[in-house]
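**Q** Input coords-v3.cif, format and content: mmCIF, C-alpha atoms (C1' of nucleotides).
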```
data_data
#
loop_
_atom_site.label_atom_id
_atom_site.label_comp_id
_atom_site.auth_asym_id
_atom_site.auth_seq_id
_atom_site.Cartn_x
_atom_site.Cartn_y
_atom_site.Cartn_z
CA MET A 248 -293.41 13.83 -17.18
CA ILE A 249 -289.94 13.83 -18.54
CA GLY A 250 -288.95 17.39 -18.34
CA ARG A 251 -290.31 18.49 -15.06
CA VAL A 252 -288.57 21.68 -14.28
CA VAL A 253 -291.33 24.18 -14.02
CA GLY A 254 -293.47 22.35 -11.56
CA GLY A 255 -292.63 21.53 -7.98
CA ASP A 256 -289.95 23.68 -6.47
CA PRO A 257 -288.49 26.35 -8.66
CA LYS A 258 -284.72 26.19 -9.01
CA GLY A 259 -285.21 22.47 -8.51
CA TYR A 260 -283.46 20.89 -11.44
CA GLY A 261 -283.01 17.77 -9.38
CA GLY A 262 -285.26 15.81 -11.70
CA SER A 263 -283.89 17.19 -14.92
CA MET A 264 -281.86 14.65 -16.83
CA ALA A 265 -279.91 17.39 -18.54
CA PHE A 266 -278.93 19.02 -15.30
CA LEU A 267 -278.15 15.77 -13.56
CA LEU A 268 -276.06 14.49 -16.44
CA SER A 269 -273.99 17.61 -16.79
CA GLN A 270 -273.62 17.94 -13.03
CA VAL A 271 -272.55 14.36 -12.46
CA GLY A 272 -270.40 14.41 -15.56
CA ALA A 273 -268.59 17.54 -14.51
CA ARG A 274 -267.96 16.17 -11.04
CA THR A 275 -266.74 12.89 -12.47
CA ALA A 276 -264.29 14.70 -14.69
CA GLN A 277 -263.14 16.73 -11.71
CA LEU A 278 -262.53 13.62 -9.66
CA PHE A 279 -260.66 11.97 -12.47
CA ALA A 280 -258.43 15.00 -12.97
CA ALA A 281 -257.76 15.20 -9.25
CA GLN A 282 -256.90 11.52 -9.02
CA ILE A 283 -254.40 11.54 -11.86
CA ALA A 284 -252.85 14.88 -10.92
CA PRO A 285 -250.41 13.25 -8.46
CA LEU A 286 -249.01 11.28 -11.38
CA GLY A 287 -248.17 14.58 -12.99
CA ILE A 288 -250.58 14.17 -15.84
CA THR A 289 -253.65 16.02 -17.05
CA PRO A 290 -256.75 14.52 -18.63
CA ARG A 291 -255.84 15.97 -21.99
CA ALA A 292 -252.35 14.56 -21.89
CA PHE A 293 -253.68 11.21 -20.80
CA ALA A 294 -256.06 11.14 -23.72
CA ILE A 295 -253.06 11.33 -26.01
CA LEU A 296 -251.15 8.61 -24.21
CA SER A 297 -254.18 6.36 -24.13
CA ASN A 298 -254.83 6.90 -27.79
CA LEU A 299 -251.25 6.02 -28.57
CA GLY A 300 -251.61 2.92 -26.44
CA ALA A 301 -254.31 1.79 -28.83
CA ARG A 302 -252.54 2.65 -32.05
CA GLN A 303 -248.91 3.38 -32.44
CA PRO A 304 -247.20 5.31 -33.85
CA GLN A 305 -249.25 8.28 -34.92
CA THR A 306 -248.26 11.67 -36.18
CA GLN A 307 -249.24 14.79 -34.31
CA GLN A 308 -251.77 15.52 -36.98
CA GLN A 309 -253.36 12.10 -36.64
CA LEU A 310 -253.56 12.50 -32.89
CA ALA A 311 -255.08 15.95 -33.25
CA ASP A 312 -257.71 14.65 -35.66
CA GLY A 313 -258.45 11.55 -33.61
CA LEU A 314 -258.98 13.46 -30.40
CA GLY A 315 -260.50 16.62 -31.78
CA ILE A 316 -257.65 18.74 -30.45
CA HIS A 317 -256.39 21.69 -32.41
CA ARG A 318 -253.15 21.05 -34.33
CA ASN A 319 -251.47 24.07 -32.82
CA ASN A 320 -252.15 22.98 -29.28
CA MET A 321 -250.84 19.52 -29.97
CA VAL A 322 -247.34 20.91 -30.26
CA SER A 323 -246.94 21.99 -26.66
CA LEU A 324 -248.90 18.98 -25.47
CA ILE A 325 -246.40 16.63 -27.10
CA ASP A 326 -243.61 18.83 -25.79
CA GLU A 327 -244.74 18.23 -22.23
CA LEU A 328 -245.29 14.53 -22.79
CA GLU A 329 -241.80 14.28 -24.22
CA ALA A 330 -240.33 16.26 -21.35
CA SER A 331 -241.96 13.82 -18.94
CA GLY A 332 -240.35 10.97 -20.78
CA TRP A 333 -243.61 9.33 -21.76
CA VAL A 334 -243.35 9.86 -25.45
CA ARG A 335 -240.70 10.39 -28.09
CA ARG A 336 -240.70 12.11 -31.45
CA HIS A 337 -239.15 10.14 -34.31
CA ARG A 338 -238.93 11.53 -37.80
CA SER A 339 -241.19 9.61 -40.08
CA PRO A 340 -239.30 7.65 -42.72
CA ASP A 341 -242.14 8.21 -45.15
CA ASP A 342 -242.72 11.90 -44.65
CA ARG A 343 -239.90 14.10 -43.56
CA ARG A 344 -242.26 16.79 -42.38
CA ALA A 345 -244.02 14.58 -39.90
CA PHE A 346 -243.04 13.14 -36.54
CA GLU A 347 -244.06 9.72 -35.44
CA ILE A 348 -245.01 9.87 -31.79
CA HIS A 349 -243.96 6.76 -29.91
CA LEU A 350 -244.96 5.72 -26.43
CA THR A 351 -242.02 4.95 -24.16
CA THR A 352 -242.01 2.21 -21.56
CA ALA A 353 -242.65 4.83 -18.90
CA GLY A 354 -245.51 6.12 -20.97
CA ARG A 355 -247.10 2.72 -21.20
CA GLU A 356 -246.75 2.39 -17.45
CA VAL A 357 -248.59 5.65 -16.84
CA VAL A 358 -251.43 4.49 -19.03
CA THR A 359 -251.67 1.31 -17.00
CA GLN A 360 -251.66 3.24 -13.74
CA VAL A 361 -254.34 5.64 -14.90
CA ASN A 362 -256.46 2.80 -16.20
CA ALA A 363 -256.35 1.30 -12.73
CA LEU A 364 -257.58 4.61 -11.33
CA VAL A 365 -260.39 4.61 -13.85
CA VAL A 366 -261.43 1.18 -12.68
CA SER A 367 -261.58 2.33 -9.09
CA LEU A 368 -263.45 5.46 -10.09
CA ASN A 369 -265.94 3.34 -11.98
CA GLU A 370 -266.43 1.21 -8.91
CA GLU A 371 -266.94 4.28 -6.78
CA LEU A 372 -269.61 5.55 -9.15
CA ALA A 373 -271.27 2.18 -9.53
CA GLY A 374 -271.31 1.84 -5.76
CA ALA A 375 -274.38 4.04 -5.66
CA LEU A 376 -276.31 1.48 -7.68
CA ALA A 377 -277.47 -1.99 -6.85
CA PRO A 378 -275.31 -4.57 -8.63
CA ALA A 379 -278.28 -5.68 -10.68
CA GLU A 380 -278.86 -2.16 -11.93
CA ARG A 381 -275.39 -1.44 -13.20
CA ALA A 382 -275.42 -3.18 -16.54
CA ALA A 383 -278.72 -1.63 -17.53
CA PHE A 384 -277.60 1.81 -16.43
CA THR A 385 -274.42 1.63 -18.44
CA SER A 386 -276.31 0.37 -21.44
CA GLN A 387 -278.78 3.22 -21.22
CA LEU A 388 -276.01 5.73 -20.79
CA THR A 389 -274.33 4.28 -23.84
CA ARG A 390 -277.50 4.67 -25.84
CA ILE A 391 -277.72 8.31 -24.83
CA ALA A 392 -274.11 8.80 -25.84
CA GLN A 393 -274.86 7.28 -29.21
CA SER A 394 -277.93 9.41 -29.70
CA LEU A 395 -275.73 12.44 -29.08
CA GLU A 396 -273.43 11.18 -31.80
CA LEU A 397 -270.51 10.94 -29.44
CA GLU A 398 -267.61 8.94 -30.74
CA SER A 399 -265.93 6.83 -28.15
CA ALA A 400 -262.54 8.40 -28.74
CA ILE A 401 -263.54 12.04 -28.67
CA HIS A 402 -264.33 13.69 -25.38
CA PRO A 403 -265.91 17.12 -25.64
CA HIS A 404 -263.73 18.35 -22.83
CA VAL A 405 -260.53 17.05 -24.27
CA ALA A 406 -261.37 18.54 -27.61
CA GLY A 407 -261.31 22.26 -28.11
CA ARG A 408 -263.11 25.09 -26.44
CA ALA A 409 -265.90 23.29 -24.70
CA HIS A 410 -267.10 25.06 -21.68
CA ALA A 411 -270.72 25.47 -20.77
CA SER A 412 -272.52 24.15 -17.78
CA PRO A 413 -275.91 23.50 -16.40
CA PRO A 414 -278.46 22.21 -16.43
CA MET B 109 -266.99 -6.64 -14.00
CA ILE B 110 -267.73 -3.05 -13.27
CA GLY B 111 -264.62 -1.34 -14.36
CA ARG B 112 -263.73 -3.02 -17.55
CA VAL B 113 -261.19 -0.82 -19.18
CA VAL B 114 -258.17 -2.98 -19.44
CA GLY B 115 -259.75 -5.92 -21.15
CA GLY B 116 -261.22 -5.96 -24.62
CA ASP B 117 -260.02 -3.21 -26.86
CA PRO B 118 -257.54 -0.82 -25.43
CA LYS B 119 -258.55 2.82 -25.66
CA GLY B 120 -262.06 1.50 -25.42
CA TYR B 121 -263.57 3.41 -22.56
CA GLY B 122 -266.95 2.84 -24.06
CA GLY B 123 -267.98 0.68 -21.14
CA SER B 124 -266.51 2.89 -18.45
CA MET B 125 -269.16 4.64 -16.42
CA ALA B 126 -266.74 7.41 -15.55
CA PHE B 127 -265.89 8.09 -19.15
CA LEU B 128 -269.45 7.85 -20.35
CA LEU B 129 -270.76 10.11 -17.62
CA SER B 130 -268.20 12.81 -18.16
CA GLN B 131 -268.53 12.56 -21.91
CA VAL B 132 -272.31 12.71 -21.97
CA GLY B 133 -272.31 15.37 -19.27
CA ALA B 134 -269.91 17.58 -21.15
CA ARG B 135 -271.88 17.25 -24.35
CA THR B 136 -275.12 17.99 -22.54
CA ALA B 137 -273.62 21.13 -21.07
CA GLN B 138 -272.39 22.12 -24.51
CA LEU B 139 -275.82 21.67 -26.01
CA PHE B 140 -277.43 23.65 -23.26
CA ALA B 141 -275.00 26.51 -23.65
CA ALA B 142 -275.51 26.51 -27.40
CA GLN B 143 -279.28 26.51 -27.06
CA ILE B 144 -279.44 29.44 -24.67
CA ALA B 145 -276.75 31.45 -26.43
CA PRO B 146 -279.27 32.99 -28.88
CA LEU B 147 -281.06 34.45 -25.88
CA GLY B 148 -277.85 36.26 -25.04
CA ILE B 149 -277.25 34.39 -21.84
CA THR B 150 -274.55 32.06 -20.56
CA PRO B 151 -275.00 29.06 -18.28
CA ARG B 152 -273.32 30.87 -15.43
CA ALA B 153 -275.55 33.88 -15.79
CA PHE B 154 -278.61 31.70 -16.03
CA ALA B 155 -277.66 29.93 -12.83
CA ILE B 156 -277.86 33.28 -11.08
CA LEU B 157 -281.20 34.21 -12.57
CA SER B 158 -282.64 30.83 -11.80
CA ASN B 159 -281.41 30.99 -8.25
CA LEU B 160 -283.00 34.39 -7.86
CA GLY B 161 -286.20 32.98 -9.26
CA ALA B 162 -286.29 30.61 -6.35
CA ARG B 163 -285.39 33.08 -3.64
CA GLN B 164 -285.51 36.80 -3.91
CA PRO B 165 -283.86 39.11 -3.18
CA GLN B 166 -280.35 37.97 -2.41
CA THR B 167 -277.15 39.88 -1.99
CA GLN B 168 -274.20 39.23 -4.26
CA GLN B 169 -272.50 37.47 -1.41
CA GLN B 170 -275.45 35.16 -0.86
CA LEU B 171 -275.58 34.34 -4.54
CA ALA B 172 -271.86 33.67 -4.61
CA ASP B 173 -272.11 31.35 -1.63
CA GLY B 174 -275.18 29.60 -2.93
CA LEU B 175 -273.74 28.87 -6.34
CA GLY B 176 -270.13 28.33 -5.37
CA ILE B 177 -268.98 31.26 -7.45
CA HIS B 178 -266.21 33.50 -6.25
CA ARG B 179 -267.33 36.82 -4.76
CA ASN B 180 -265.08 38.81 -7.03
CA ASN B 181 -266.43 37.22 -10.18
CA MET B 182 -269.98 37.87 -9.09
CA VAL B 183 -269.45 41.59 -9.63
CA SER B 184 -269.03 41.49 -13.39
CA LEU B 185 -271.63 38.76 -13.68
CA ILE B 186 -274.22 40.98 -12.03
CA ASP B 187 -272.97 43.88 -14.14
CA GLU B 188 -273.84 41.98 -17.31
CA LEU B 189 -277.15 40.81 -15.98
CA GLU B 190 -278.01 44.36 -15.05
CA ALA B 191 -276.88 45.65 -18.44
CA SER B 192 -279.19 43.12 -20.07
CA GLY B 193 -282.04 44.41 -17.97
CA TRP B 194 -282.71 41.12 -16.24
CA VAL B 195 -281.70 42.19 -12.79
CA ARG B 196 -281.43 45.32 -10.71
CA ARG B 197 -279.27 46.33 -7.80
CA HIS B 198 -281.08 47.94 -4.90
CA ARG B 199 -279.25 49.10 -1.82
CA SER B 200 -280.19 46.97 1.11
CA PRO B 201 -282.10 48.90 3.77
CA ASP B 202 -280.49 46.77 6.47
CA ASP B 203 -276.88 46.90 5.30
CA ARG B 204 -275.63 49.84 3.35
CA ARG B 205 -272.65 47.88 2.04
CA ALA B 206 -274.79 45.25 0.39
CA PHE B 207 -276.93 45.24 -2.72
CA GLU B 208 -280.13 43.34 -2.96
CA ILE B 209 -280.33 41.78 -6.39
CA HIS B 210 -283.84 41.79 -7.76
CA LEU B 211 -285.13 39.95 -10.80
CA THR B 212 -286.91 42.20 -13.30
CA THR B 213 -289.92 41.15 -15.29
CA ALA B 214 -287.67 40.58 -18.28
CA GLY B 215 -285.41 38.48 -16.10
CA ARG B 216 -288.28 36.29 -15.01
CA GLU B 217 -289.22 35.86 -18.63
CA VAL B 218 -285.76 34.69 -19.58
CA VAL B 219 -285.86 32.13 -16.82
CA THR B 220 -289.14 30.85 -18.17
CA GLN B 221 -287.78 30.67 -21.69
CA VAL B 222 -284.68 28.81 -20.63
CA ASN B 223 -286.70 26.42 -18.53
CA ALA B 224 -288.66 25.57 -21.65
CA LEU B 225 -285.41 24.84 -23.43
CA VAL B 226 -284.37 22.60 -20.59
CA VAL B 227 -287.58 20.65 -20.94
CA SER B 228 -286.96 20.10 -24.62
CA LEU B 229 -283.37 19.14 -23.96
CA ASN B 230 -284.54 16.66 -21.37
CA GLU B 231 -286.91 15.18 -23.88
CA GLU B 232 -284.17 14.95 -26.45
CA LEU B 233 -281.96 13.08 -24.00
CA ALA B 234 -284.74 10.85 -22.78
CA GLY B 235 -285.60 10.04 -26.36
CA ALA B 236 -282.77 7.55 -26.42
CA LEU B 237 -284.47 5.53 -23.71
CA ALA B 238 -287.65 3.52 -23.72
CA PRO B 239 -290.38 5.35 -21.82
CA ALA B 240 -290.43 2.63 -19.19
CA GLU B 241 -286.73 3.06 -18.54
CA ARG B 242 -286.69 6.77 -17.94
CA ALA B 243 -287.87 7.00 -14.39
CA ALA B 244 -285.44 4.34 -13.23
CA PHE B 245 -282.58 5.95 -15.09
CA THR B 246 -283.22 9.34 -13.55
CA SER B 247 -283.53 7.80 -10.13
CA GLN B 248 -280.24 6.00 -10.52
CA LEU B 249 -278.56 9.11 -11.78
CA THR B 250 -279.91 10.98 -8.81
CA ARG B 251 -278.48 8.38 -6.47
CA ILE B 252 -275.08 8.74 -8.09
CA ALA B 253 -275.32 12.50 -7.73
CA GLN B 254 -276.12 12.09 -4.05
CA SER B 255 -273.26 9.69 -3.52
CA LEU B 256 -270.97 12.32 -5.00
CA GLU B 257 -272.33 14.77 -2.46
CA LEU B 258 -273.60 17.07 -5.14
CA GLU B 259 -276.02 19.68 -3.93
CA SER B 260 -278.80 20.39 -6.31
CA ALA B 261 -278.02 24.08 -6.52
CA ILE B 262 -274.29 23.86 -7.12
CA HIS B 263 -273.02 22.84 -10.49
CA PRO B 264 -269.29 22.09 -10.65
CA HIS B 265 -269.05 23.94 -13.93
CA VAL B 266 -270.84 27.01 -12.75
CA ALA B 267 -268.72 27.11 -9.65
CA GLY B 268 -265.08 27.90 -9.85
CA ARG B 269 -262.30 26.54 -11.97
CA ALA B 270 -263.55 23.12 -12.87
CA HIS B 271 -262.04 21.75 -15.99
CA ALA B 272 -260.87 18.21 -16.37
CA SER B 273 -262.12 15.67 -18.78
CA PRO B 274 -262.03 12.00 -19.47
CA PRO B 275 -261.75 9.09 -18.72
"C1'" DA C 201 -264.90 55.25 20.09
"C1'" DA C 202 -261.73 51.51 18.51
"C1'" DT C 203 -260.85 47.19 16.44
"C1'" DG C 204 -261.80 43.59 13.55
"C1'" DA C 205 -264.89 41.42 10.13
"C1'" DT C 206 -267.65 41.79 5.88
"C1'" DA C 207 -269.77 43.53 1.02
"C1'" DG C 208 -268.62 45.10 -3.12
"C1'" DT C 209 -265.13 46.74 -6.40
"C1'" DC C 210 -261.04 46.99 -9.24
"C1'" DA C 211 -256.64 45.79 -11.34
"C1'" DC C 212 -253.26 42.38 -12.13
"C1'" DT C 213 -252.11 37.66 -13.16
"C1'" DA C 214 -252.42 32.82 -15.00
"C1'" DA C 215 -254.17 29.42 -18.01
"C1'" DA C 216 -256.47 27.73 -22.12
"C1'" DC C 217 -257.51 28.00 -26.76
"C1'" DC C 218 -257.89 29.83 -31.37
"C1'" DG C 219 -256.33 32.05 -35.73
"C1'" DG C 220 -252.76 33.65 -38.76
"C1'" DA C 221 -248.39 33.20 -40.63
"C1'" DC C 222 -244.23 30.66 -41.90
"C1'" DA C 223 -240.57 27.18 -43.50
"C1'" DA C 224 -239.98 22.64 -44.95
"C1'" DT C 225 -241.73 19.09 -47.41
"C1'" DC C 226 -244.93 16.46 -50.16
"C1'" DC C 227 -248.17 15.74 -54.09
"C1'" DT C 228 -250.01 16.31 -58.65
"C1'" DC C 229 -250.29 17.14 -63.20
"C1'" DA C 230 -249.22 19.60 -67.27
"C1'" DT D 176 -239.38 17.93 -64.82
"C1'" DG D 177 -240.85 21.55 -62.48
"C1'" DA D 178 -244.43 24.68 -60.79
"C1'" DG D 179 -248.44 25.40 -58.03
"C1'" DG D 180 -250.98 23.96 -54.34
"C1'" DA D 181 -251.66 21.26 -50.11
"C1'" DT D 182 -249.91 19.52 -45.68
"C1'" DT D 183 -246.90 19.17 -41.27
"C1'" DG D 184 -245.10 21.07 -37.44
"C1'" DT D 185 -244.04 25.44 -35.29
"C1'" DC D 186 -244.44 29.98 -33.30
"C1'" DC D 187 -246.73 34.27 -31.97
"C1'" DG D 188 -250.35 37.21 -30.68
"C1'" DG D 189 -255.07 38.01 -29.13
"C1'" DT D 190 -259.18 36.65 -26.61
"C1'" DT D 191 -261.62 34.64 -23.06
"C1'" DT D 192 -262.09 32.99 -18.46
"C1'" DA D 193 -261.26 32.53 -13.83
"C1'" DG D 194 -258.62 33.50 -9.52
"C1'" DT D 195 -255.84 36.77 -6.16
"C1'" DG D 196 -254.74 40.76 -3.66
"C1'" DA D 197 -255.65 45.12 -2.23
"C1'" DC D 198 -258.81 48.91 -1.37
"C1'" DT D 199 -263.08 51.52 0.35
"C1'" DA D 200 -267.18 51.73 2.79
"C1'" DT D 201 -269.76 49.86 6.20
"C1'" DC D 202 -271.11 46.92 10.03
"C1'" DA D 203 -270.58 44.61 14.66
"C1'" DT D 204 -268.53 44.09 19.08
"C1'" DT D 205 -266.72 45.58 23.04
#
```
Once you've parsed the file, please lay out its structure as structure tokens.
**A**
Amino acid sequence: MIGRVVGGDPKGYGGSMAFLLSQVGARTAQLFAAQIAPLGITPRAFAILSNLGARQPQTQQQLADGLGIHRNNMVSLIDELEASGWVRRHRSPDDRRAFEIHLTTAGREVVTQVNALVVSLNEELAGALAPAERAAFTSQLTRIAQSLELESAIHPHVAGRAHASPP
Amino acid sequence: MIGRVVGGDPKGYGGSMAFLLSQVGARTAQLFAAQIAPLGITPRAFAILSNLGARQPQTQQQLADGLGIHRNNMVSLIDELEASGWVRRHRSPDDRRAFEIHLTTAGREVVTQVNALVVSLNEELAGALAPAERAAFTSQLTRIAQSLELESAIHPHVAGRAHASPP
DNA sequence: AATGATAGTCACTAAACCGGACAATCCTCA
DNA sequence: TGAGGATTGTCCGGTTTAGTGACTATCATT
């Protein structure tokens, strides 16, 4: 009774976990992108800033590996971040090929602001559930994420070519 | 205690419903696309076939409206579907501008095959949960989908430009 | 019949991402 | 020590994907 897709109404994927998850996930990502857009930042760029907020400094290569983004794309991404004043390139003292990417004060501020938006988005999502349900739901969702071998730092959308859709 | 993102470890969005949902959703969509790819079909194309399976025939315009896909893009989508032999264009007797899109026998078969894949994907996802948890989880997910005003037929990824990513 | 709306089509554009190639630098080991 | 191979950041081109504008044929309304 798990995968009921054939029975009932055709075209009704309303009970399909796969469809629901990808649908809700896509919409959530849309909302997030729309909410941070006024700050002049994209989800991908924020992923970099956030990652730097956790560990600093990192080279472009380290960031690319950590987030699953292609090396080549990291170049222009850092360019934009630097142009926005959120990040600065410093030559590494250890390796003259590499740049150490440092978060600026403004960059740290953006991370804080976006984190606040994430909190409010979380509350908006959780609002559909009874307070008593929320912890269990998150725990179950986490278990699914683990079973899919998702690492907490890598988001399939942030990482390379990852389209696809329903269900 | 819903939106814990700031506390604990920075960069740790592991407890954020928004991040988890979009991450799991994106991965689910990826898996689905990968699983149907051997059949020579994309998620977008399947959405059309599946919709036709539920109501037939429909004009391109009706399909575009129903799935949230742009009219112009529907043209090449139907072209491919027709080239694959899953669909046929018949001139509408009522409106000589419009085409009625009809599912062929092969098209119906593909829908059946993909639906079977969806069932197995659902089982794979549900496998991370205890059997007793599954119904509640799906119900909660459905409530979240409703609170986001998601219609069961429209998938944000299938419909227009819908990138975005974390939290 | 005339005017405006609508269905489908096509061509052009914009964005995202990948792969290949390249210079500078590092590393290793004979 | 120095020569070959690997690595870092960079750039460029090609591909894919989706959206826009304009066009034709047809319908609907008056």
**Q** Identify every residue of chain B that has at least one atom within 10 Å of any atom of chain C, counting all atoms listed in the file, and report the result as a PyMOL selection string.
**A** chain B and resi 167-169+179-180+182-184+203-207
**Q** Might you spell out which residues the PyMOL selection byres ((chain D) within 8 of (chain B)) would select in the displayed file, as a list of chain:residue names?
**A** D:DA193, D:DA200, D:DT201, D:DC202
**Q** Figure out the distance between atom CA of B:Asp173 and atom CA of A:Ile283, please, to one decimal in Å.
**A**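 Atom CA of B:Asp173 lies at a distance of 28.5 Å from atom CA of A:Ile283.
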**Q** Evaluating the PyMOL selection byres ((chain A and resi 381-394) around 9) on the displayed file yields which residues, as number ranges by chain?
**A** A: 373, 376-380, 395-399; B: 110, 122-125, 128-129, 131-132, 135, 232-237, 241, 244-245, 248-249
**Q** Export C-alpha atoms of the chosen residues as a PDB file, in the coordinates of the input?
**A**
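Generated output (result-v9.pdb):
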```pdb
ATOM      1  CA  ALA A 373    -271.270   2.180  -9.530  1.00  0.00           C
ATOM      2  CA  LEU A 376    -276.310   1.480  -7.680  1.00  0.00           C
ATOM      3  CA  ALA A 377    -277.470  -1.990  -6.850  1.00  0.00           C
ATOM      4  CA  PRO A 378    -275.310  -4.570  -8.630  1.00  0.00           C
ATOM      5  CA  ALA A 379    -278.280  -5.680 -10.680  1.00  0.00           C
ATOM      6  CA  GLU A 380    -278.860  -2.160 -11.930  1.00  0.00           C
ATOM      7  CA  LEU A 395    -275.730  12.440 -29.080  1.00  0.00           C
ATOM      8  CA  GLU A 396    -273.430  11.180 -31.800  1.00  0.00           C
ATOM      9  CA  LEU A 397    -270.510  10.940 -29.440  1.00  0.00           C
ATOM     10  CA  GLU A 398    -267.610   8.940 -30.740  1.00  0.00           C
ATOM     11  CA  SER A 399    -265.930   6.830 -28.150  1.00  0.00           C
TER      12      SER A 399
ATOM     13  CA  ILE B 110    -267.730  -3.050 -13.270  1.00  0.00           C
ATOM     14  CA  GLY B 122    -266.950   2.840 -24.060  1.00  0.00           C
ATOM     15  CA  GLY B 123    -267.980   0.680 -21.140  1.00  0.00           C
ATOM     16  CA  SER B 124    -266.510   2.890 -18.450  1.00  0.00           C
ATOM     17  CA  MET B 125    -269.160   4.640 -16.420  1.00  0.00           C
ATOM     18  CA  LEU B 128    -269.450   7.850 -20.350  1.00  0.00           C
ATOM     19  CA  LEU B 129    -270.760  10.110 -17.620  1.00  0.00           C
ATOM     20  CA  GLN B 131    -268.530  12.560 -21.910  1.00  0.00           C
ATOM     21  CA  VAL B 132    -272.310  12.710 -21.970  1.00  0.00           C
ATOM     22  CA  ARG B 135    -271.880  17.250 -24.350  1.00  0.00           C
ATOM     23  CA  GLU B 232    -284.170  14.950 -26.450  1.00  0.00           C
ATOM     24  CA  LEU B 233    -281.960  13.080 -24.000  1.00  0.00           C
ATOM     25  CA  ALA B 234    -284.740  10.850 -22.780  1.00  0.00           C
ATOM     26  CA  GLY B 235    -285.600  10.040 -26.360  1.00  0.00           C
ATOM     27  CA  ALA B 236    -282.770   7.550 -26.420  1.00  0.00           C
ATOM     28  CA  LEU B 237    -284.470   5.530 -23.710  1.00  0.00           C
ATOM     29  CA  GLU B 241    -286.730   3.060 -18.540  1.00  0.00           C
ATOM     30  CA  ALA B 244    -285.440   4.340 -13.230  1.00  0.00           C
ATOM     31  CA  PHE B 245    -282.580   5.950 -15.090  1.00  0.00           C
ATOM     32  CA  GLN B 248    -280.240   6.000 -10.520  1.00  0.00           C
ATOM     33  CA  LEU B 249    -278.560   9.110 -11.780  1.00  0.00           C
TER      34      LEU B 249
END
```
**Q** What does the structure give for the distance between atom C1' of D:DC187 and atom CA of A:Trp333, in Å to one decimal?
**A** 27.1 Å
**Q** Counting all atoms listed in the file, which of B:Val226, B:Ala191, B:Ile177, B:Leu185 gets nearest to chain A?
**A**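 Closest candidate: B:Val226.
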